[in-house]
Every structure is written in C-alpha cells, then in structure tokens.
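**Q** The structure is given below, and queries will be raised subsequently.
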Amino acid sequence: MKPFIKQAFVVSGAALNIVGHGCAHGFPAVLFAQLKSDGGPVTLTDHDTSWIASVVGVMGIVGNFISPILMTRFGRQKAHLISTIPALLGWIVFVIGNTVPAFLLARLLHGLALGLRTPLAAILVAEYTEPKYRGAFLGTFAISLGLGILLSHVWGAHLTWKMTAVVCSMFPLIAMAIISLSPESPSWLVSKNKFDKARKAFRWVRGDSEEDTEELEAMIKAQERIMITDHNTVKIVKKFKWRGALRHLFDTLKGVMKIFKKKEFYKPSIIAISMLIVFEFGGAHMVPAYGNLILQAVLDKKDPKEVTWQFTVIDLLRTICALLAIFLLKYFKRRTILFTSGFMTVLSLTAVSVFVYLRKAGMFPDGWILEIVPMSLMIMYTLSFCLGLVPLNWVICGEVFPLAYRSLGSTLSTSFLTPSFVVSMKTAPHLYSAIGVEGAFLVYSTALTVCLLIMYALLPETKDRTLQDIEESFKGRRRGDVETQANLIDKRKRSEK
C-alpha cells in the first residue's frame, strides 16, 4: 500500500468525525422543524430551543481543556478514539430520548466530542502526513463540515428525526473502526522517547524514502537535544517531587510561565488566535446564520423571500470554494493564499459598505446598478473569504505549534474559538440595528486588517516544510545551525561510548 493511501486512510478517520460534527450542527434544524410541525411527543418553547442549540458551546470549552491531557498522556490515536465515544452516545440519546432533558444531554455529549476533537484534528493531520500533502488533507475538513450539515438536512427532509439520528451515528462508528486500525503518531512516540516504535510507525504511514528518513531522524535528534540540555520545561516540571499542594502548584505555574515566554510557543499562539478571530469575524458563522438579514440590507429588499435565490447562490459558492481550496493549498504558498484572500476579503467588505452608504445618500439612480453591483460584491466577498481564510484556519493552526507544546498550544488557541463565536453571533444583530450592516462590515474589515498585519509580521512560510523545520524557524535557527548542533551531539555520544 502506497504511503499516500495509508495517510489518506488515517486522515479519513478525522474527516468522518468532522462530517459527524457537521451532522450535529445541522440536526437541531431537523429536530425543531419536525417537532413543531408534527406536534410530536415533545412541545418545545423558544426557551427550550435556544438552550438545545447553544449548550454545545458549554461542553465544548470543557473538551478543549481535557483534550491536551488525553493527547499528551495516552497518545493521539487513543485520544482520537476517546473523542468519538461521546459523539456516538449523543446520537444514541437522541434515538431513545423524547424529552427536553434528554435532548440537552445529547447536545452536551456532542459538545464534549466537539471540544475534544477540535484541538486534535489538525494535529493528527500535521503529524501523520507529508508536508506536500498536509495542506490538501487539512483543507478537506472544511468540505467535511459542510457535507455533514448538508447530509443531515437532506436526510431530515425525508426521514424522521430519530431515523436521521440513526443514520448520522454511522459516522462515529466508522471513524472508530478506522482509528483502531491506525498506528500511533510517530511524533508523539518521539516525544515520549520511544524511538524504535516511532521509526516503525513512521515507516508504516510515510514509507522509508531517504527524504522521509531524514525528517524522522531530525525529529529524533531534536528530542535528544532536549533530553541532553534539559530545555524541555514540561519535563522539568514533571521531575518535581510532591512537596505539598501549594509548592506543586507554584512549580507548575512557574513552568507554564516559562513556556509562555518561549518564542516557539507565544509566536504560534498569537498567529493561531489571530487566525481564529479572522475566521469568526470574517463571517464563517455569521453569514450562514444572518445571511437573509445581510442580503436584505445590501440588496435593499424588504422581504426575506426576495433574497432566497441570492442566498442559495452564496451557499453553493461556499461549498464549491471548499473543494477548490484543496487545489490552491497544494500549489500555492500559505502566505500567498492568506494575504491575497485576506486583502480581497477586506476590500470586498469595505466595498459593500461604501456602496450601501452611497446608495442611502442617493448617489445612484434606480436601475440595474442597484441589483447587479451589490450582489457582485457579495459574490466577490464569498469567493475571497471561502477560498483562502476558511480552509487556512485549519491548516495554520495545525502546522505552527512545536512538538513539545503542540497539545497546550492547540488547546490555548482553540479555546478562543467558542468565545469568538459567541461574541460574533451575539453582537451581530445589535450592530446591524445600531450602525447598519454597512457599519458592521467596516468594523469586521478593521478587525481582519489588524489580525492580518499581526500574522504578516509573525507567520513564516510553512508549505512543504517539515514540522521540525517550522519549529526551528520560530526559534530563530537556520537549518545549517541545527544540523551543526546535531552533529556535535552525535560526536559527544560517540566519544562517551
């Protein structure tokens, strides 16, 4: 079996989990619509529906902080398997439950699965795949999420909500089978000094070509340098003996603070957090939720039914862009895609805002320009945002963190996702009422500009570079310096023998 097929097999487990996450995203619409239209066994109030829809975020935060513990202690494979269990249990509760508390429990379980999976998914792809395929594999997550939402809605239109839950439960079941047949991450094995097992797992998933072998050996040598020089703060903290609860807490906090001061940790953290803010305030969730309101304001329509086909066009473009983004990530550099997409997104948002202001000022006469221009600008915005910024959210967060702090860094950055989601979704209607959609677009374009400038200053090019090479670039080391230090370590070890 070719290495690419093996890597695709391993990644398919994560992709199926993301499809299941998309199904969980889309399922409440099916549940609410059928219970309200058919009467059903349960009568839902607005209070009930709001809690069922939003409670996912509560357990999502909990899962975010449990995930690094599982990843670090049990390994990526077992943590991935554990994250699938609450997703499956959530669907089972939906199938057997007929009460609001049961629905809340099911959504809490789905939220826990989401929280466990979010920091893990990008790390899995980054550690199992070759640099030349990494971007494409990470880009499939955007497609998987949209596919899950689409499938849950399609099935919900033809099946009962209970049967829809049964069908959706197939995704975590299949994912569990794939995960069980996959090896442990070579990177995690290296971090635990299990070098022989790491070599075996690496050869299974990547092959034994000269280039791949050099990447593995570079990773092992980097870990050996950490062991020799004792610069791995995480391991230093673990060496402390129990000296009372307060002393242990003080030592742990001191170790964590040392980690936060490291360039290879705080720079990737700032980049990942900036990327997540761009993702949320660029409209990843606001446009699907408030698209009718936005299009009514931009196109100057009074009734939501008047923008139905326009909204459909935007949804279709979003799906097509998720597919095309895979090819962009394969053939173009990350920075090129990021800043081209970012510039065009800011430009289109600003252009929409300026157009609406000018139209309200009476600068345009009635005619075709009031129909074609604003819709063209919305299409340009959708293409700009969904072709670059949306898929790069997964890619960048999966590539920039060093091995020693990958779990902690991924959790820290993704923990900003839920608050960003809440802030963007809660403030959007108030901004639309206070300053209009055109004013809100200016606010969003300003936030995007600030975050893009931060990433422009900090983000190195990551395409086709090994994770170890990216880590060394954050430390300020050149490749030649790293190889020289590795050779010195080899000489020291030979002399000791």
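FYI, nothing fancy with the structure tokens labels: chains A, B, ... in order, residues from 1 per chain, ligands from 1 as they appear.
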Write out as a ChimeraX atom specification each polymer residue whose atoms come within 9 Å of range 457-474 of chain A, counting only C-alpha atoms; drop sequence neighbours fewer than 6 positions from it.
**A** /A:126-127,130-135,215,218-219,222,263-265,267-268,270-271,329-330,332-336,396,399-403,482
**Q** Find the residues near Thr350 in chain A: any atom within 12 Å, counting only C-alpha atoms, skip ones fewer than 2 places away on the same chain, and give them as an mmCIF file with N, CA and C atoms, in the first residue's frame.
**A**
data_model
loop_
_atom_site.group_PDB
_atom_site.id
_atom_site.type_symbol
_atom_site.label_atom_id
_atom_site.label_comp_id
_atom_site.auth_asym_id
_atom_site.auth_seq_id
_atom_site.Cartn_x
_atom_site.Cartn_y
_atom_site.Cartn_z
ATOM 1 N N PHE A 343 -6.651 40.280 1.855
ATOM 2 C CA PHE A 343 -6.779 41.595 1.223
ATOM 3 C C PHE A 343 -8.079 41.711 0.442
ATOM 4 N N MET A 344 -8.406 40.664 -0.330
ATOM 5 C CA MET A 344 -9.633 40.699 -1.136
ATOM 6 C C MET A 344 -10.885 40.675 -0.263
ATOM 7 N N THR A 345 -10.822 39.959 0.871
ATOM 8 C CA THR A 345 -11.976 39.927 1.787
ATOM 9 C C THR A 345 -12.209 41.294 2.410
ATOM 10 N N VAL A 346 -11.140 41.923 2.894
ATOM 11 C CA VAL A 346 -11.256 43.269 3.471
ATOM 12 C C VAL A 346 -11.739 44.257 2.410
ATOM 13 N N LEU A 347 -11.187 44.144 1.207
ATOM 14 C CA LEU A 347 -11.585 45.045 0.114
ATOM 15 C C LEU A 347 -13.057 44.880 -0.226
ATOM 16 N N SER A 348 -13.537 43.646 -0.328
ATOM 17 C CA SER A 348 -14.941 43.418 -0.699
ATOM 18 C C SER A 348 -15.892 43.854 0.400
ATOM 19 N N VAL A 352 -18.638 46.785 -0.173
ATOM 20 C CA VAL A 352 -20.073 46.630 0.114
ATOM 21 C C VAL A 352 -20.553 47.753 1.016
ATOM 22 N N SER A 353 -19.777 48.033 2.055
ATOM 23 C CA SER A 353 -20.141 49.092 2.997
ATOM 24 C C SER A 353 -20.239 50.451 2.314
ATOM 25 N N VAL A 354 -19.231 50.790 1.516
ATOM 26 C CA VAL A 354 -19.220 52.083 0.821
ATOM 27 C C VAL A 354 -20.391 52.187 -0.148
ATOM 28 N N PHE A 355 -20.670 51.103 -0.859
ATOM 29 C CA PHE A 355 -21.786 51.120 -1.811
ATOM 30 C C PHE A 355 -23.110 51.396 -1.107
ATOM 31 N N VAL A 356 -23.346 50.707 0.024
ATOM 32 C CA VAL A 356 -24.620 50.898 0.747
ATOM 33 C C VAL A 356 -24.722 52.320 1.276
ATOM 34 N N TYR A 357 -23.628 52.861 1.812
ATOM 35 C CA TYR A 357 -23.644 54.255 2.280
ATOM 36 C C TYR A 357 -23.977 55.219 1.138
ATOM 37 N N PRO A 374 -24.287 45.274 -6.008
ATOM 38 C CA PRO A 374 -24.169 44.741 -4.634
ATOM 39 C C PRO A 374 -24.084 43.223 -4.596
ATOM 40 N N LEU A 377 -20.598 42.222 -5.515
ATOM 41 C CA LEU A 377 -19.685 42.445 -4.397
ATOM 42 C C LEU A 377 -19.820 41.346 -3.340
ATOM 43 N N MET A 378 -21.034 40.879 -3.092
ATOM 44 C CA MET A 378 -21.234 39.786 -2.134
ATOM 45 C C MET A 378 -20.626 38.488 -2.660
ATOM 46 N N MET A 380 -18.015 38.364 -4.678
ATOM 47 C CA MET A 380 -16.575 38.562 -4.539
ATOM 48 C C MET A 380 -16.137 38.323 -3.099
ATOM 49 N N TYR A 381 -16.929 38.795 -2.149
ATOM 50 C CA TYR A 381 -16.619 38.561 -0.736
ATOM 51 C C TYR A 381 -16.631 37.066 -0.421
ATOM 52 N N VAL A 437 -25.844 47.111 8.586
ATOM 53 C CA VAL A 437 -24.945 46.077 8.076
ATOM 54 C C VAL A 437 -23.691 46.710 7.500
ATOM 55 N N GLU A 438 -23.863 47.884 6.838
ATOM 56 C CA GLU A 438 -22.710 48.547 6.240
ATOM 57 C C GLU A 438 -21.701 48.991 7.305
ATOM 58 N N GLY A 439 -22.182 49.453 8.453
ATOM 59 C CA GLY A 439 -21.285 49.835 9.542
ATOM 60 C C GLY A 439 -20.613 48.624 10.162
ATOM 61 N N ALA A 440 -21.376 47.546 10.318
ATOM 62 C CA ALA A 440 -20.815 46.317 10.872
ATOM 63 C C ALA A 440 -19.713 45.772 9.975
ATOM 64 N N PHE A 441 -19.913 45.863 8.661
ATOM 65 C CA PHE A 441 -18.893 45.385 7.732
ATOM 66 C C PHE A 441 -17.585 46.167 7.881
ATOM 67 N N LEU A 442 -17.690 47.462 8.156
ATOM 68 C CA LEU A 442 -16.482 48.258 8.383
ATOM 69 C C LEU A 442 -15.771 47.825 9.663
ATOM 70 N N VAL A 443 -16.555 47.498 10.699
ATOM 71 C CA VAL A 443 -15.969 47.010 11.951
ATOM 72 C C VAL A 443 -15.237 45.692 11.709
ATOM 73 N N TYR A 444 -15.886 44.791 10.975
ATOM 74 C CA TYR A 444 -15.273 43.491 10.700
ATOM 75 C C TYR A 444 -14.009 43.640 9.848
ATOM 76 N N SER A 445 -14.057 44.500 8.848
ATOM 77 C CA SER A 445 -12.886 44.679 7.989
ATOM 78 C C SER A 445 -11.712 45.272 8.771
ATOM 79 N N THR A 446 -12.011 46.120 9.751
ATOM 80 C CA THR A 446 -10.948 46.670 10.604
ATOM 81 C C THR A 446 -10.314 45.587 11.468
ATOM 82 N N LEU A 448 -10.242 42.382 10.846
ATOM 83 C CA LEU A 448 -9.481 41.498 9.963
ATOM 84 C C LEU A 448 -8.137 42.116 9.591
ATOM 85 N N THR A 449 -8.132 43.416 9.328
ATOM 86 C CA THR A 449 -6.893 44.090 8.936
ATOM 87 C C THR A 449 -5.848 44.009 10.050
#
**Q** Quick one: contact table of range 33-133 of chain A to range 167-172 of chain A, 6 Å max, nearest atom pair and distance in Å to one decimal per residue, counting only C-alpha atoms, chain and number order, as JSON lines?
**A**
{"residue": "A:Thr84", "atom": "CA", "partner": "A:Pro172", "partner_atom": "CA", "distance": 5.8}
{"residue": "A:Leu88", "atom": "CA", "partner": "A:Pro172", "partner_atom": "CA", "distance": 5.8}
{"residue": "A:Trp91", "atom": "CA", "partner": "A:Ser169", "partner_atom": "CA", "distance": 5.7}
**Q** Put those residues in a file: N, CA and C atoms, as a CSV table (one decimal), in the first residue's frame.
**A**
chain,number,residue,atom,x,y,z
A,84,THR,N,-14.4,10.1,20.0
A,84,THR,CA,-15.5,9.6,19.2
A,84,THR,C,-16.6,9.1,20.0
A,88,LEU,N,-20.9,9.4,19.6
A,88,LEU,CA,-21.8,8.2,19.3
A,88,LEU,C,-22.9,8.1,20.4
A,91,TRP,N,-25.8,10.6,19.8
A,91,TRP,CA,-26.8,10.1,18.8
A,91,TRP,C,-27.7,9.1,19.4
**Q** Enumerate, in order of chain and increasing residue number, the residues of range 277-318 of chain A with an atom no farther than 12 Å from range 141-149 of chain A, each with its shortest atom pair and distance in Å to one decimal, counting only C-alpha atoms, as a tab-separated table.
**A**
residue	atom	partner	partner_atom	distance
A:Phe279	CA	A:Ala142	CA	12.0
A:Ala284	CA	A:Ala142	CA	10.7
A:His285	CA	A:Gly146	CA	11.8
A:Pro288	CA	A:Gly146	CA	11.2
A:Asp315	CA	A:Gly146	CA	9.8
A:Leu316	CA	A:Gly146	CA	10.6
A:Leu317	CA	A:Gly146	CA	11.7
A:Arg318	CA	A:Gly146	CA	8.8
**Q** Go ahead and write the residues just picked, all heavy atoms, as a short mmCIF file (atom, residue, chain, number, x, y, z; two decimals), in the first residue's frame.
**A**
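See again_12.cif below for the written result:
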data_model
loop_
_atom_site.label_atom_id
_atom_site.label_comp_id
_atom_site.auth_asym_id
_atom_site.auth_seq_id
_atom_site.Cartn_x
_atom_site.Cartn_y
_atom_site.Cartn_z
N PHE A 279 -11.28 34.10 11.17
CA PHE A 279 -12.26 33.10 10.77
C PHE A 279 -13.66 33.46 11.24
O PHE A 279 -14.63 33.41 10.46
CB PHE A 279 -11.84 31.75 11.36
CG PHE A 279 -12.76 30.60 11.05
CD1 PHE A 279 -12.80 30.05 9.79
CD2 PHE A 279 -13.57 30.06 12.04
CE1 PHE A 279 -13.63 28.97 9.50
CE2 PHE A 279 -14.41 28.99 11.77
CZ PHE A 279 -14.44 28.45 10.50
N ALA A 284 -17.58 33.35 9.06
CA ALA A 284 -17.73 31.90 8.92
C ALA A 284 -19.06 31.39 9.45
O ALA A 284 -19.67 30.48 8.86
CB ALA A 284 -16.58 31.20 9.63
N HIS A 285 -19.53 31.95 10.56
CA HIS A 285 -20.81 31.52 11.13
C HIS A 285 -21.89 32.60 11.02
O HIS A 285 -23.08 32.29 11.04
CB HIS A 285 -20.63 31.13 12.60
CG HIS A 285 -19.78 29.91 12.80
ND1 HIS A 285 -18.50 29.96 13.31
CD2 HIS A 285 -20.01 28.61 12.52
CE1 HIS A 285 -17.99 28.74 13.36
NE2 HIS A 285 -18.88 27.91 12.88
N PRO A 288 -23.95 32.34 7.39
CA PRO A 288 -24.98 31.30 7.37
C PRO A 288 -26.16 31.59 8.29
O PRO A 288 -27.30 31.25 7.98
CB PRO A 288 -24.22 30.05 7.83
CG PRO A 288 -22.81 30.31 7.45
CD PRO A 288 -22.61 31.78 7.67
N ASP A 315 -24.64 30.06 -0.66
CA ASP A 315 -24.41 28.74 -0.06
C ASP A 315 -23.70 27.81 -1.04
O ASP A 315 -22.79 27.06 -0.66
CB ASP A 315 -25.74 28.11 0.36
CG ASP A 315 -26.32 28.76 1.61
OD1 ASP A 315 -25.55 29.37 2.37
OD2 ASP A 315 -27.54 28.66 1.81
N LEU A 316 -24.11 27.84 -2.30
CA LEU A 316 -23.50 26.98 -3.31
C LEU A 316 -22.04 27.36 -3.54
O LEU A 316 -21.16 26.49 -3.64
CB LEU A 316 -24.28 27.09 -4.62
CG LEU A 316 -23.81 26.20 -5.77
CD1 LEU A 316 -23.90 24.73 -5.38
CD2 LEU A 316 -24.64 26.47 -7.04
N LEU A 317 -21.76 28.66 -3.60
CA LEU A 317 -20.38 29.12 -3.78
C LEU A 317 -19.50 28.69 -2.62
O LEU A 317 -18.33 28.33 -2.81
CB LEU A 317 -20.35 30.64 -3.92
CG LEU A 317 -20.81 31.23 -5.26
CD1 LEU A 317 -20.86 32.74 -5.17
CD2 LEU A 317 -19.89 30.78 -6.38
N ARG A 318 -20.05 28.72 -1.41
CA ARG A 318 -19.27 28.33 -0.23
C ARG A 318 -18.83 26.87 -0.34
O ARG A 318 -17.69 26.51 -0.02
CB ARG A 318 -20.10 28.55 1.03
CG ARG A 318 -19.30 28.38 2.33
CD ARG A 318 -20.18 28.52 3.56
NE ARG A 318 -20.80 29.82 3.62
CZ ARG A 318 -22.11 30.05 3.49
NH1 ARG A 318 -22.92 29.04 3.27
NH2 ARG A 318 -22.59 31.26 3.59
#
**Q** Can you tell me which residues surround Leu159 in chain A at a distance of at most 12 Å, considering only C-alpha atoms, apart from same-chain residues fewer than 5 positions away, and format the answer as a PyMOL selection string?
**A** chain A and resi 30-31+34+151-154+164-168
**Q** Using only C-alpha atoms, can you tell me which of A:Thr213, A:Thr118, A:Thr99, A:Asn393 comes closest to Val62 in chain A?
**A** A:Thr118
**Q** Using Å and a single decimal, report how far CA of Leu295 in chain A sits from CA of Gly367 in chain A.
**A** 17.9 Å
**Q** Determine the nearest neighbour of Gly20 in chain A from the options A:Leu216, A:Leu124, A:Ile174, A:Met59, counting only C-alpha atoms.
**A**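 Answer, going by the shortest atom-to-atom distance: A:Ile174.
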**Q** Can you pull out the residues contacting Ile337 in chain A? Cut-off 9 Å, using only C-alpha atoms, and skip same-chain residues under 4 positions away; I want them as a ChimeraX atom specification.
**A** /A:328-329,332-333,341-342,387-389,392
**Q** Take the selection from the previous step and output its residues with N, CA and C atoms, as a JSON list (two decimals), in the first residue's frame.
**A**
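Final file, out39.json:
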[["chain", "number", "residue", "atom", "x", "y", "z"],
["A", 328, "LEU", "N", -5.75, 24.90, -4.32],
["A", 328, "LEU", "CA", -4.97, 26.10, -4.02],
["A", 328, "LEU", "C", -3.91, 25.81, -2.97],
["A", 329, "LEU", "N", -4.29, 25.07, -1.93],
["A", 329, "LEU", "CA", -3.35, 24.74, -0.86],
["A", 329, "LEU", "C", -2.22, 23.84, -1.34],
["A", 332, "PHE", "N", -0.06, 26.54, -4.11],
["A", 332, "PHE", "CA", 0.36, 27.90, -3.77],
["A", 332, "PHE", "C", 0.84, 27.96, -2.33],
["A", 333, "LYS", "N", 1.72, 28.91, -2.05],
["A", 333, "LYS", "CA", 2.26, 29.09, -0.71],
["A", 333, "LYS", "C", 1.19, 29.59, 0.24],
["A", 341, "SER", "N", -6.14, 36.36, -0.08],
["A", 341, "SER", "CA", -7.52, 36.16, 0.35],
["A", 341, "SER", "C", -7.93, 37.21, 1.37],
["A", 342, "GLY", "N", -7.03, 37.50, 2.34],
["A", 342, "GLY", "CA", -7.34, 38.50, 3.36],
["A", 342, "GLY", "C", -7.54, 39.88, 2.78],
["A", 387, "LEU", "N", -12.29, 30.82, -0.23],
["A", 387, "LEU", "CA", -11.19, 30.16, -0.94],
["A", 387, "LEU", "C", -9.89, 30.17, -0.14],
["A", 388, "GLY", "N", -9.73, 31.13, 0.77],
["A", 388, "GLY", "CA", -8.46, 31.22, 1.48],
["A", 388, "GLY", "C", -8.56, 31.20, 2.99],
["A", 389, "LEU", "N", -9.27, 32.15, 3.56],
["A", 389, "LEU", "CA", -9.27, 32.30, 5.02],
["A", 389, "LEU", "C", -9.96, 31.14, 5.73],
["A", 392, "LEU", "N", -7.62, 27.89, 5.52],
["A", 392, "LEU", "CA", -6.35, 28.14, 6.19],
["A", 392, "LEU", "C", -6.48, 28.16, 7.71]]
**Q** For each of A:Ile96, A:Leu70, A:Ala428, A:Ala198, take the minimum atom-to-atom distance to Val287 in chain A, counting only C-alpha atoms, then give the residue where this is smallest.
**A**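 Ranking A:Ile96, A:Leu70, A:Ala428, A:Ala198 by distance to Val287 in chain A, first place goes to A:Ala428.
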